[in-house]
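A.B. asks: My file is final_13.cif. It has mmCIF, C-alpha atoms, pLDDT in the B column; chains and numbers go by the auth columns:
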data_target
loop_
_atom_site.group_PDB
_atom_site.id
_atom_site.type_symbol
_atom_site.label_atom_id
_atom_site.label_comp_id
_atom_site.label_asym_id
_atom_site.label_seq_id
_atom_site.Cartn_x
_atom_site.Cartn_y
_atom_site.Cartn_z
_atom_site.B_iso_or_equiv
_atom_site.auth_seq_id
_atom_site.auth_asym_id
ATOM 1 C CA MET A 1 -3.516 -2.324 -25.986 44.00 3 A
ATOM 2 C CA LEU A 2 -5.310 -5.654 -26.387 43.00 4 A
ATOM 3 C CA ASP A 3 -9.074 -5.871 -26.836 46.00 5 A
ATOM 4 C CA THR A 4 -11.396 -8.808 -26.552 46.00 6 A
ATOM 5 C CA ALA A 5 -14.044 -8.660 -29.244 44.00 7 A
ATOM 6 C CA PRO A 6 -16.793 -11.275 -28.846 43.00 8 A
ATOM 7 C CA PRO A 7 -18.448 -12.590 -32.011 39.00 9 A
ATOM 8 C CA ALA A 8 -21.924 -11.947 -30.554 41.00 10 A
ATOM 9 C CA SER A 9 -22.946 -9.695 -27.657 47.00 11 A
ATOM 10 C CA ARG A 10 -25.543 -10.674 -25.081 53.00 12 A
ATOM 11 C CA ARG A 11 -27.500 -7.624 -24.057 61.00 13 A
ATOM 12 C CA ARG A 12 -30.575 -9.056 -22.352 74.00 14 A
ATOM 13 C CA VAL A 13 -29.203 -8.852 -18.827 77.00 15 A
ATOM 14 C CA ASP A 14 -28.063 -5.270 -19.351 77.00 16 A
ATOM 15 C CA ARG A 15 -31.385 -4.272 -20.906 81.00 17 A
ATOM 16 C CA TYR A 16 -33.529 -5.860 -18.198 84.00 18 A
ATOM 17 C CA ALA A 17 -31.430 -4.340 -15.411 86.00 19 A
ATOM 18 C CA ARG A 18 -31.694 -0.928 -17.076 87.00 20 A
ATOM 19 C CA TRP A 19 -35.458 -1.177 -17.345 87.00 21 A
ATOM 20 C CA SER A 20 -35.666 -2.501 -13.786 90.00 22 A
ATOM 21 C CA GLY A 21 -33.813 0.569 -12.552 91.00 23 A
ATOM 22 C CA LEU A 22 -36.279 2.841 -14.328 91.00 24 A
ATOM 23 C CA ALA A 23 -39.218 0.806 -12.980 93.00 25 A
ATOM 24 C CA ALA A 24 -37.812 0.975 -9.451 94.00 26 A
ATOM 25 C CA GLY A 25 -37.489 4.732 -9.826 93.00 27 A
ATOM 26 C CA VAL A 26 -41.082 5.036 -11.043 93.00 28 A
ATOM 27 C CA VAL A 27 -42.269 3.042 -8.023 95.00 29 A
ATOM 28 C CA ALA A 28 -40.011 4.761 -5.485 94.00 30 A
ATOM 29 C CA ALA A 29 -40.755 8.317 -6.602 93.00 31 A
ATOM 30 C CA PRO A 30 -44.473 8.353 -5.620 93.00 32 A
ATOM 31 C CA LEU A 31 -43.676 6.634 -2.331 94.00 33 A
ATOM 32 C CA LEU A 32 -41.091 9.266 -1.468 93.00 34 A
ATOM 33 C CA ALA A 33 -43.316 12.090 -2.708 92.00 35 A
ATOM 34 C CA THR A 34 -46.143 11.008 -0.383 92.00 36 A
ATOM 35 C CA MET A 35 -44.019 10.673 2.747 91.00 37 A
ATOM 36 C CA PRO A 36 -45.526 12.451 5.793 89.00 38 A
ATOM 37 C CA THR A 37 -44.333 16.052 5.871 83.00 39 A
ATOM 38 C CA SER A 38 -43.991 15.763 9.649 82.00 40 A
ATOM 39 C CA TYR A 39 -40.687 13.976 9.009 81.00 41 A
ATOM 40 C CA PHE A 40 -39.303 17.222 7.555 81.00 42 A
ATOM 41 C CA GLY A 41 -40.733 19.810 9.887 78.00 43 A
ATOM 42 C CA ASP A 42 -44.032 20.037 7.979 77.00 44 A
ATOM 43 C CA ASP A 43 -42.209 21.020 4.805 83.00 45 A
ATOM 44 C CA TYR A 44 -44.074 19.998 1.656 85.00 46 A
ATOM 45 C CA GLY A 45 -41.140 20.501 -0.701 87.00 47 A
ATOM 46 C CA MET A 46 -38.664 17.961 0.697 91.00 48 A
ATOM 47 C CA PRO A 47 -40.686 14.842 -0.316 92.00 49 A
ATOM 48 C CA ILE A 48 -40.669 16.126 -3.905 93.00 50 A
ATOM 49 C CA VAL A 49 -36.909 16.668 -3.752 93.00 51 A
ATOM 50 C CA LEU A 50 -36.376 13.151 -2.410 94.00 52 A
ATOM 51 C CA ALA A 51 -38.705 11.656 -5.043 95.00 53 A
ATOM 52 C CA ILE A 52 -36.778 13.224 -7.934 95.00 54 A
ATOM 53 C CA THR A 53 -33.452 12.343 -6.356 95.00 55 A
ATOM 54 C CA GLY A 54 -34.567 8.761 -5.739 94.00 56 A
ATOM 55 C CA PHE A 55 -35.682 8.308 -9.348 95.00 57 A
ATOM 56 C CA GLY A 56 -32.316 9.464 -10.662 94.00 58 A
ATOM 57 C CA LEU A 57 -30.349 7.234 -8.309 94.00 59 A
ATOM 58 C CA CYS A 58 -32.481 4.221 -9.276 94.00 60 A
ATOM 59 C CA ALA A 59 -31.807 4.901 -12.970 93.00 61 A
ATOM 60 C CA VAL A 60 -28.071 5.091 -12.315 93.00 62 A
ATOM 61 C CA GLY A 61 -28.178 1.971 -10.159 92.00 63 A
ATOM 62 C CA GLY A 62 -30.005 -0.024 -12.845 91.00 64 A
ATOM 63 C CA VAL A 63 -27.430 0.809 -15.507 90.00 65 A
ATOM 64 C CA LEU A 64 -24.491 0.042 -13.220 89.00 66 A
ATOM 65 C CA LEU A 65 -26.110 -3.229 -12.134 88.00 67 A
ATOM 66 C CA GLY A 66 -26.676 -4.263 -15.740 84.00 68 A
ATOM 67 C CA ASP A 67 -23.083 -3.524 -16.594 80.00 69 A
ATOM 68 C CA ALA A 68 -21.869 -5.552 -13.602 81.00 70 A
ATOM 69 C CA LEU A 69 -24.120 -8.545 -14.394 78.00 71 A
ATOM 70 C CA THR A 70 -23.352 -8.725 -18.111 71.00 72 A
ATOM 71 C CA PRO A 71 -21.365 -11.935 -18.667 62.00 73 A
ATOM 72 C CA ARG A 72 -17.876 -11.750 -20.039 60.00 74 A
ATOM 73 C CA PRO A 73 -17.542 -12.514 -23.761 56.00 75 A
ATOM 74 C CA GLN A 74 -17.071 -16.164 -24.682 53.00 76 A
ATOM 75 C CA GLU A 75 -14.902 -17.496 -27.514 47.00 77 A
ATOM 76 C CA ALA A 76 -13.317 -14.108 -27.878 47.00 78 A
ATOM 77 C CA VAL A 77 -11.130 -12.998 -30.705 44.00 79 A
ATOM 78 C CA ARG A 78 -7.962 -11.145 -29.696 49.00 80 A
ATOM 79 C CA THR A 79 -7.395 -7.877 -31.474 49.00 81 A
ATOM 80 C CA ALA A 80 -4.668 -5.299 -30.947 49.00 82 A
ATOM 81 C CA GLY A 81 -4.833 -1.531 -31.067 50.00 83 A
ATOM 82 C CA LEU A 82 -2.067 1.028 -30.688 47.00 84 A
ATOM 83 C CA ALA A 83 -4.182 4.036 -29.727 53.00 85 A
ATOM 84 C CA PRO A 84 -4.621 4.603 -25.974 58.00 86 A
ATOM 85 C CA ARG A 85 -8.187 4.401 -24.722 61.00 87 A
ATOM 86 C CA ARG A 86 -9.801 7.506 -23.285 64.00 88 A
ATOM 87 C CA VAL A 87 -13.192 7.880 -21.645 62.00 89 A
ATOM 88 C CA ARG A 88 -14.065 10.906 -23.785 63.00 90 A
ATOM 89 C CA ASP A 89 -13.658 8.826 -26.952 63.00 91 A
ATOM 90 C CA HIS A 90 -16.555 6.564 -25.978 66.00 92 A
ATOM 91 C CA VAL A 91 -19.137 8.875 -24.406 77.00 93 A
ATOM 92 C CA PRO A 92 -21.806 10.297 -26.763 82.00 94 A
ATOM 93 C CA PRO A 93 -20.301 13.429 -28.377 82.00 95 A
ATOM 94 C CA ARG A 94 -23.589 15.381 -28.574 87.00 96 A
ATOM 95 C CA MET A 95 -25.263 14.414 -25.324 90.00 97 A
ATOM 96 C CA THR A 96 -22.262 14.715 -23.022 91.00 98 A
ATOM 97 C CA PRO A 97 -21.462 18.451 -23.496 93.00 99 A
ATOM 98 C CA VAL A 98 -25.126 19.343 -22.967 94.00 100 A
ATOM 99 C CA LEU A 99 -25.346 17.309 -19.777 95.00 101 A
ATOM 100 C CA LEU A 100 -22.083 18.776 -18.491 95.00 102 A
ATOM 101 C CA LEU A 101 -23.461 22.266 -19.134 95.00 103 A
ATOM 102 C CA LEU A 102 -26.651 21.411 -17.254 96.00 104 A
ATOM 103 C CA ALA A 103 -24.706 19.889 -14.364 96.00 105 A
ATOM 104 C CA VAL A 104 -22.549 23.000 -14.034 96.00 106 A
ATOM 105 C CA SER A 105 -25.693 25.144 -14.219 94.00 107 A
ATOM 106 C CA LEU A 106 -27.261 23.086 -11.434 95.00 108 A
ATOM 107 C CA VAL A 107 -24.239 23.593 -9.190 95.00 109 A
ATOM 108 C CA VAL A 108 -24.134 27.332 -9.957 93.00 110 A
ATOM 109 C CA LEU A 109 -27.843 27.760 -9.173 92.00 111 A
ATOM 110 C CA LEU A 110 -27.447 25.839 -5.926 93.00 112 A
ATOM 111 C CA VAL A 111 -24.490 28.010 -4.930 93.00 113 A
ATOM 112 C CA ILE A 112 -26.572 31.109 -5.660 89.00 114 A
ATOM 113 C CA GLY A 113 -29.438 29.608 -3.699 90.00 115 A
ATOM 114 C CA LEU A 114 -27.199 28.816 -0.737 91.00 116 A
ATOM 115 C CA ALA A 115 -25.770 32.342 -0.762 90.00 117 A
ATOM 116 C CA THR A 116 -29.138 34.109 -0.916 88.00 118 A
ATOM 117 C CA ALA A 117 -31.339 31.814 1.179 89.00 119 A
ATOM 118 C CA SER A 118 -32.930 32.985 4.396 87.00 120 A
ATOM 119 C CA PRO A 119 -35.271 31.515 7.039 87.00 121 A
ATOM 120 C CA ASP A 120 -38.902 31.107 6.064 82.00 122 A
ATOM 121 C CA ALA A 121 -41.887 32.702 7.783 78.00 123 A
ATOM 122 C CA ILE A 122 -41.633 30.419 10.838 79.00 124 A
ATOM 123 C CA GLY A 123 -37.857 30.608 11.150 78.00 125 A
ATOM 124 C CA ARG A 124 -36.772 27.425 9.375 80.00 126 A
ATOM 125 C CA VAL A 125 -33.282 27.968 7.964 84.00 127 A
ATOM 126 C CA GLY A 126 -32.443 27.966 4.244 84.00 128 A
ATOM 127 C CA ARG A 127 -35.913 27.484 2.806 87.00 129 A
ATOM 128 C CA ALA A 128 -36.912 30.907 1.468 87.00 130 A
ATOM 129 C CA LEU A 129 -35.740 34.098 -0.222 85.00 131 A
ATOM 130 C CA THR A 130 -36.373 37.367 1.637 83.00 132 A
ATOM 131 C CA VAL A 131 -37.692 40.047 -0.715 79.00 133 A
ATOM 132 C CA THR A 132 -38.505 43.668 0.041 76.00 134 A
ATOM 133 C CA CYS A 133 -41.340 44.981 -2.094 74.00 135 A
ATOM 134 C CA ASN A 134 -43.289 48.229 -1.618 73.00 136 A
ATOM 135 C CA GLY A 135 -41.771 48.701 1.811 74.00 137 A
ATOM 136 C CA VAL A 136 -42.755 45.207 2.971 78.00 138 A
ATOM 137 C CA THR A 137 -40.101 42.559 3.653 79.00 139 A
ATOM 138 C CA LYS A 138 -41.172 38.965 3.588 82.00 140 A
ATOM 139 C CA PRO A 139 -39.697 35.522 2.860 84.00 141 A
ATOM 140 C CA ILE A 140 -40.962 33.610 -0.174 82.00 142 A
ATOM 141 C CA GLY A 141 -40.346 29.913 -0.730 80.00 143 A
ATOM 142 C CA PRO A 142 -39.516 27.244 -1.532 88.00 144 A
ATOM 143 C CA TRP A 143 -35.987 28.421 -2.364 89.00 145 A
ATOM 144 C CA PRO A 144 -33.031 26.105 -3.124 91.00 146 A
ATOM 145 C CA GLY A 145 -31.053 26.914 0.007 89.00 147 A
ATOM 146 C CA ILE A 146 -29.190 24.576 2.308 91.00 148 A
ATOM 147 C CA PHE A 147 -32.316 22.617 3.257 91.00 149 A
ATOM 148 C CA TYR A 148 -33.223 21.553 -0.289 92.00 150 A
ATOM 149 C CA GLY A 149 -29.717 21.822 -1.718 92.00 151 A
ATOM 150 C CA THR A 150 -28.087 19.328 0.655 92.00 152 A
ATOM 151 C CA PRO A 151 -29.782 16.144 -0.675 93.00 153 A
ATOM 152 C CA ILE A 152 -29.436 17.361 -4.262 95.00 154 A
ATOM 153 C CA LEU A 153 -25.706 17.990 -3.929 95.00 155 A
ATOM 154 C CA ALA A 154 -25.195 14.715 -2.054 95.00 156 A
ATOM 155 C CA SER A 155 -26.953 12.642 -4.728 95.00 157 A
ATOM 156 C CA LEU A 156 -25.183 14.531 -7.513 95.00 158 A
ATOM 157 C CA THR A 157 -21.792 13.839 -5.933 95.00 159 A
ATOM 158 C CA LEU A 158 -22.565 10.167 -5.351 95.00 160 A
ATOM 159 C CA GLY A 159 -24.030 9.593 -8.819 94.00 161 A
ATOM 160 C CA THR A 160 -21.245 11.460 -10.605 94.00 162 A
ATOM 161 C CA ALA A 161 -18.554 9.482 -8.776 94.00 163 A
ATOM 162 C CA ALA A 162 -20.251 6.154 -9.555 93.00 164 A
ATOM 163 C CA CYS A 163 -20.803 6.972 -13.228 91.00 165 A
ATOM 164 C CA SER A 164 -17.255 8.294 -13.653 91.00 166 A
ATOM 165 C CA TRP A 165 -15.844 5.094 -12.186 90.00 167 A
ATOM 166 C CA ALA A 166 -18.071 3.001 -14.466 88.00 168 A
ATOM 167 C CA LEU A 167 -17.046 4.947 -17.582 87.00 169 A
ATOM 168 C CA ARG A 168 -13.385 4.521 -16.746 84.00 170 A
ATOM 169 C CA ARG A 169 -13.905 0.805 -16.111 84.00 171 A
ATOM 170 C CA ILE A 170 -15.653 0.384 -19.465 82.00 172 A
ATOM 171 C CA ALA A 171 -12.933 2.264 -21.319 72.00 173 A
ATOM 172 C CA TYR A 172 -10.165 -0.043 -20.114 73.00 174 A
ATOM 173 C CA ARG A 173 -11.783 -3.467 -19.910 70.00 175 A
ATOM 174 C CA PRO A 174 -11.735 -6.033 -22.770 64.00 176 A
ATOM 175 C CA CYS A 175 -14.633 -5.588 -25.230 65.00 177 A
ATOM 176 C CA SER A 176 -15.289 -4.107 -28.643 68.00 178 A
ATOM 177 C CA ASP A 177 -15.451 -0.382 -29.310 69.00 179 A
ATOM 178 C CA GLN A 178 -19.108 -0.741 -30.258 77.00 180 A
ATOM 179 C CA GLN A 179 -19.882 -2.247 -26.858 77.00 181 A
ATOM 180 C CA ARG A 180 -17.914 0.460 -25.091 78.00 182 A
ATOM 181 C CA ARG A 181 -19.838 3.195 -26.865 81.00 183 A
ATOM 182 C CA ALA A 182 -23.198 1.537 -26.190 81.00 184 A
ATOM 183 C CA ARG A 183 -22.504 1.101 -22.481 85.00 185 A
ATOM 184 C CA SER A 184 -20.969 4.551 -22.133 87.00 186 A
ATOM 185 C CA ARG A 185 -24.051 6.011 -23.816 89.00 187 A
ATOM 186 C CA ALA A 186 -26.334 4.236 -21.335 89.00 188 A
ATOM 187 C CA ILE A 187 -24.344 5.373 -18.304 92.00 189 A
ATOM 188 C CA THR A 188 -24.229 8.953 -19.583 93.00 190 A
ATOM 189 C CA ALA A 189 -28.000 8.920 -20.129 93.00 191 A
ATOM 190 C CA ALA A 190 -28.567 7.511 -16.625 93.00 192 A
ATOM 191 C CA TRP A 191 -26.400 10.264 -15.171 94.00 193 A
ATOM 192 C CA GLY A 192 -28.509 12.723 -17.151 94.00 194 A
ATOM 193 C CA LEU A 193 -31.652 11.340 -15.505 94.00 195 A
ATOM 194 C CA LEU A 194 -30.047 12.201 -12.186 95.00 196 A
ATOM 195 C CA VAL A 195 -28.917 15.711 -13.160 96.00 197 A
ATOM 196 C CA VAL A 196 -31.701 17.035 -15.382 96.00 198 A
ATOM 197 C CA PRO A 197 -34.798 16.414 -13.198 95.00 199 A
ATOM 198 C CA GLN A 198 -33.036 17.999 -10.226 96.00 200 A
ATOM 199 C CA LEU A 199 -32.104 20.998 -12.349 95.00 201 A
ATOM 200 C CA LEU A 200 -35.725 21.307 -13.485 95.00 202 A
ATOM 201 C CA LEU A 201 -36.834 21.260 -9.853 94.00 203 A
ATOM 202 C CA VAL A 202 -34.355 23.998 -8.890 94.00 204 A
ATOM 203 C CA VAL A 203 -35.389 26.068 -11.914 92.00 205 A
ATOM 204 C CA LEU A 204 -39.043 25.634 -10.939 91.00 206 A
ATOM 205 C CA MET A 205 -38.312 26.746 -7.369 90.00 207 A
ATOM 206 C CA ILE A 206 -36.498 29.875 -8.533 87.00 208 A
ATOM 207 C CA ALA A 207 -39.096 30.721 -11.171 85.00 209 A
ATOM 208 C CA THR A 208 -41.962 30.216 -8.694 83.00 210 A
ATOM 209 C CA VAL A 209 -40.425 32.555 -6.135 82.00 211 A
ATOM 210 C CA LEU A 210 -39.522 35.251 -8.648 78.00 212 A
ATOM 211 C CA THR A 211 -42.927 35.216 -10.306 75.00 213 A
ATOM 212 C CA HIS A 212 -44.615 35.744 -6.924 69.00 214 A
ATOM 213 C CA THR A 213 -43.097 39.190 -6.536 64.00 215 A
ATOM 214 C CA SER A 214 -43.049 42.256 -8.759 62.00 216 A
ATOM 215 C CA CYS A 215 -39.886 43.570 -7.107 65.00 217 A
ATOM 216 C CA ALA A 216 -37.444 40.858 -8.141 60.00 218 A
ATOM 217 C CA GLY A 217 -35.206 43.382 -9.874 62.00 219 A
ATOM 218 C CA ALA A 218 -31.966 41.889 -11.163 64.00 220 A
ATOM 219 C CA LEU A 219 -33.027 38.400 -10.132 64.00 221 A
ATOM 220 C CA GLY A 220 -36.142 38.728 -12.261 68.00 222 A
ATOM 221 C CA THR A 221 -34.014 39.695 -15.260 70.00 223 A
ATOM 222 C CA ILE A 222 -31.774 36.674 -14.668 69.00 224 A
ATOM 223 C CA ALA A 223 -34.833 34.457 -14.539 71.00 225 A
ATOM 224 C CA ALA A 224 -36.117 35.764 -17.861 73.00 226 A
ATOM 225 C CA VAL A 225 -32.781 35.571 -19.671 79.00 227 A
ATOM 226 C CA VAL A 226 -31.246 32.418 -18.151 81.00 228 A
ATOM 227 C CA ILE A 227 -33.669 30.377 -16.072 85.00 229 A
ATOM 228 C CA TYR A 228 -36.437 29.849 -18.603 85.00 230 A
ATOM 229 C CA PRO A 229 -34.182 28.920 -21.581 89.00 231 A
ATOM 230 C CA LEU A 230 -32.287 26.625 -19.249 91.00 232 A
ATOM 231 C CA GLY A 231 -35.552 24.926 -18.340 90.00 233 A
ATOM 232 C CA LEU A 232 -36.426 24.373 -22.000 92.00 234 A
ATOM 233 C CA LEU A 233 -32.986 22.910 -22.701 94.00 235 A
ATOM 234 C CA SER A 234 -33.397 20.635 -19.680 94.00 236 A
ATOM 235 C CA LEU A 235 -36.710 19.321 -20.977 94.00 237 A
ATOM 236 C CA ALA A 236 -35.126 18.450 -24.338 94.00 238 A
ATOM 237 C CA ALA A 237 -32.183 16.752 -22.590 94.00 239 A
ATOM 238 C CA LEU A 238 -34.544 14.799 -20.343 94.00 240 A
ATOM 239 C CA ALA A 239 -36.425 13.464 -23.364 94.00 241 A
ATOM 240 C CA GLY A 240 -33.155 12.435 -25.008 92.00 242 A
ATOM 241 C CA CYS A 241 -31.918 10.620 -21.901 93.00 243 A
ATOM 242 C CA LEU A 242 -35.184 8.739 -21.462 91.00 244 A
ATOM 243 C CA PHE A 243 -35.176 7.723 -25.132 91.00 245 A
ATOM 244 C CA THR A 244 -31.599 6.451 -24.836 89.00 246 A
ATOM 245 C CA MET A 245 -32.449 4.432 -21.721 87.00 247 A
ATOM 246 C CA VAL A 246 -35.660 2.897 -23.059 83.00 248 A
ATOM 247 C CA ALA A 247 -34.610 2.318 -26.686 74.00 249 A
ATOM 248 C CA PRO A 248 -30.796 1.999 -26.735 61.00 250 A
ATOM 249 C CA ARG A 249 -30.598 0.461 -30.203 57.00 251 A
ATOM 250 C CA ALA A 250 -32.687 3.219 -31.770 50.00 252 A
ATOM 251 C CA ALA A 251 -30.570 5.850 -30.025 51.00 253 A
ATOM 252 C CA GLN A 252 -27.446 4.469 -31.700 54.00 254 A
ATOM 253 C CA ARG A 253 -28.722 5.263 -35.186 50.00 255 A
#
Do you think you could lay out the structure here as structure tokens?
C.D. replies:
Amino acid sequence: MLDTAPPASRRRVDRYARWSGLAAGVVAAPLLATMPTSYFGDDYGMPIVLAITGFGLCAVGGVLLGDALTPRPQEAVRTAGLAPRRVRDHVPPRMTPVLLLLAVSLVVLLVIGLATASPDAIGRVGRALTVTCNGVTKPIGPWPGIFYGTPILASLTLGTAACSWALRRIAYRPCSDQQRRARSRAITAAWGLLVVPQLLLVVLMIATVLTHTSCAGALGTIAAVVIYPLGLLSLAALAGCLFTMVAPRAAQR
């Protein structure tokens, strides 16, 4: 397979677009978080969900825009390689498995939330978890049911499809292996900024509900053994993704 290896890479457009995506997310998140709750049936949790989702989508959009606007290499040198290109050969080997684990965990928690959700105290569907404690049954929220899970799953599906397409495009287009790895690293980190904050939000919802009752039972045990370590791992992954997005050259070392 033929590659096109430019003698010098121009990264300014890619870098500025990446930072612009992060800046747009920082600006959009507070605006979405302060939307009137009357738009969502006086629910205070949905603006937070939309703010986190919006930040992740802006980060992904900035990276994809930078990749699309980067000019093609000039005065290229033709090189030939016999090995077939694969996406997994260019994504970061340490970051990718962690992010995949967190993404699967997010989907699993949302499925559990959808299966166990119930109406809240005023009858709004999929926003609470009904718990019976000391003979009293009451709903406690917010819980990641269908109401909160729908925008999270929609953004996760959209962002994953866009990033997968971009990674495949990078793997097969003409450029050097170093450029492929750098761009694949940026796209993977942007996808992480979409997955990890949403996972942290879901973990926070579950932990908040379970800590408000002393009768959580098996769910309380799950929270102690799985939820809290998962939250700590998510925080470390979030820091790594932000570092990769802000300082790509330092992240390569």
A.B. asks: Within 12 Å of (-20.8, 11.5, -8.3) (file coordinates; only C-alpha atoms), which protein or nucleic acid residues are there? I'd like them as a list in words.
C.D. replies: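 Those within range, by chain then number, are Gly58, Leu59, Val62, Ala105, Ile154, Leu155, Ala156, Ser157, Leu158, Thr159, Leu160, Gly161, Thr162, Ala163, Ala164, Cys165, Ser166, Trp167, Ala168, Leu169, Trp193, Gly194, Leu196 and Val197 of chain A.
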A.B. asks: Taking into account all atoms listed in the file, which residue in the set A:Pro49, A:Pro38, A:Pro199, A:Gly151 is nearest to Val109 of chain A?
C.D. replies: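 Among the listed residues, the smallest separation from Val109 of chain A belongs to A:Gly151.
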A.B. asks: Rounded to one decimal place, report the atom CA of Cys243 of chain A-atom CA of Ala191 of chain A distance in Å.
C.D. replies: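 So the answer is 4.6 Å.
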A.B. asks: With only C-alpha atoms as the atoms that count, which of A:Ala225, A:Val248, A:Cys135, A:Ile124 lies nearest to Arg17 of chain A?
C.D. replies: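 Nearest to Arg17 of chain A: A:Val248.
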A.B. asks: I need the output of the PyMOL selection byres ((chain A and resi 16) around 10) for this file as a list in words; which residues are they?
C.D. replies: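 Against this file, the PyMOL selection byres ((chain A and resi 16) around 10) returns the residues Arg12, Arg13, Arg14, Val15, Arg17, Tyr18, Ala19, Arg20, Trp21, Ser22, Gly64, Val65, Leu66, Leu67, Gly68, Asp69, Ala70, Leu71, Thr72, Pro73, Arg185 and Ala188 of chain A.
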A.B. asks: Of the candidates A:Leu116, A:Ala61, A:Leu108, A:Ala35, which one gets nearest to Gly47 of chain A if we count all atoms listed in the file?
C.D. replies: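 Smallest distance to Gly47 of chain A is found for A:Ala35.
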A.B. asks: Please identify all polymer residues lying at most 12 Å from the point (-40.7, 5.8, -10.2) (file coordinates), using only C-alpha atoms, and present the result as a ChimeraX atom specification.
C.D. replies: /A:21-35,52-61,195
A.B. asks: Could you please determine the separation between atom CA of Ala239 of chain A and atom CA of Leu206 of chain A in Å, to one decimal place?
C.D. replies: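 Separation between atom CA of Ala239 of chain A and atom CA of Leu206 of chain A: 16.2 Å.
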A.B. asks: Pick out the closest residue to Pro99 of chain A from this set: A:Thr210, A:Tyr174, A:Ile229, A:Thr190. Count only C-alpha atoms.
C.D. replies: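 Closest to Pro99 of chain A, using only C-alpha atoms: A:Thr190.
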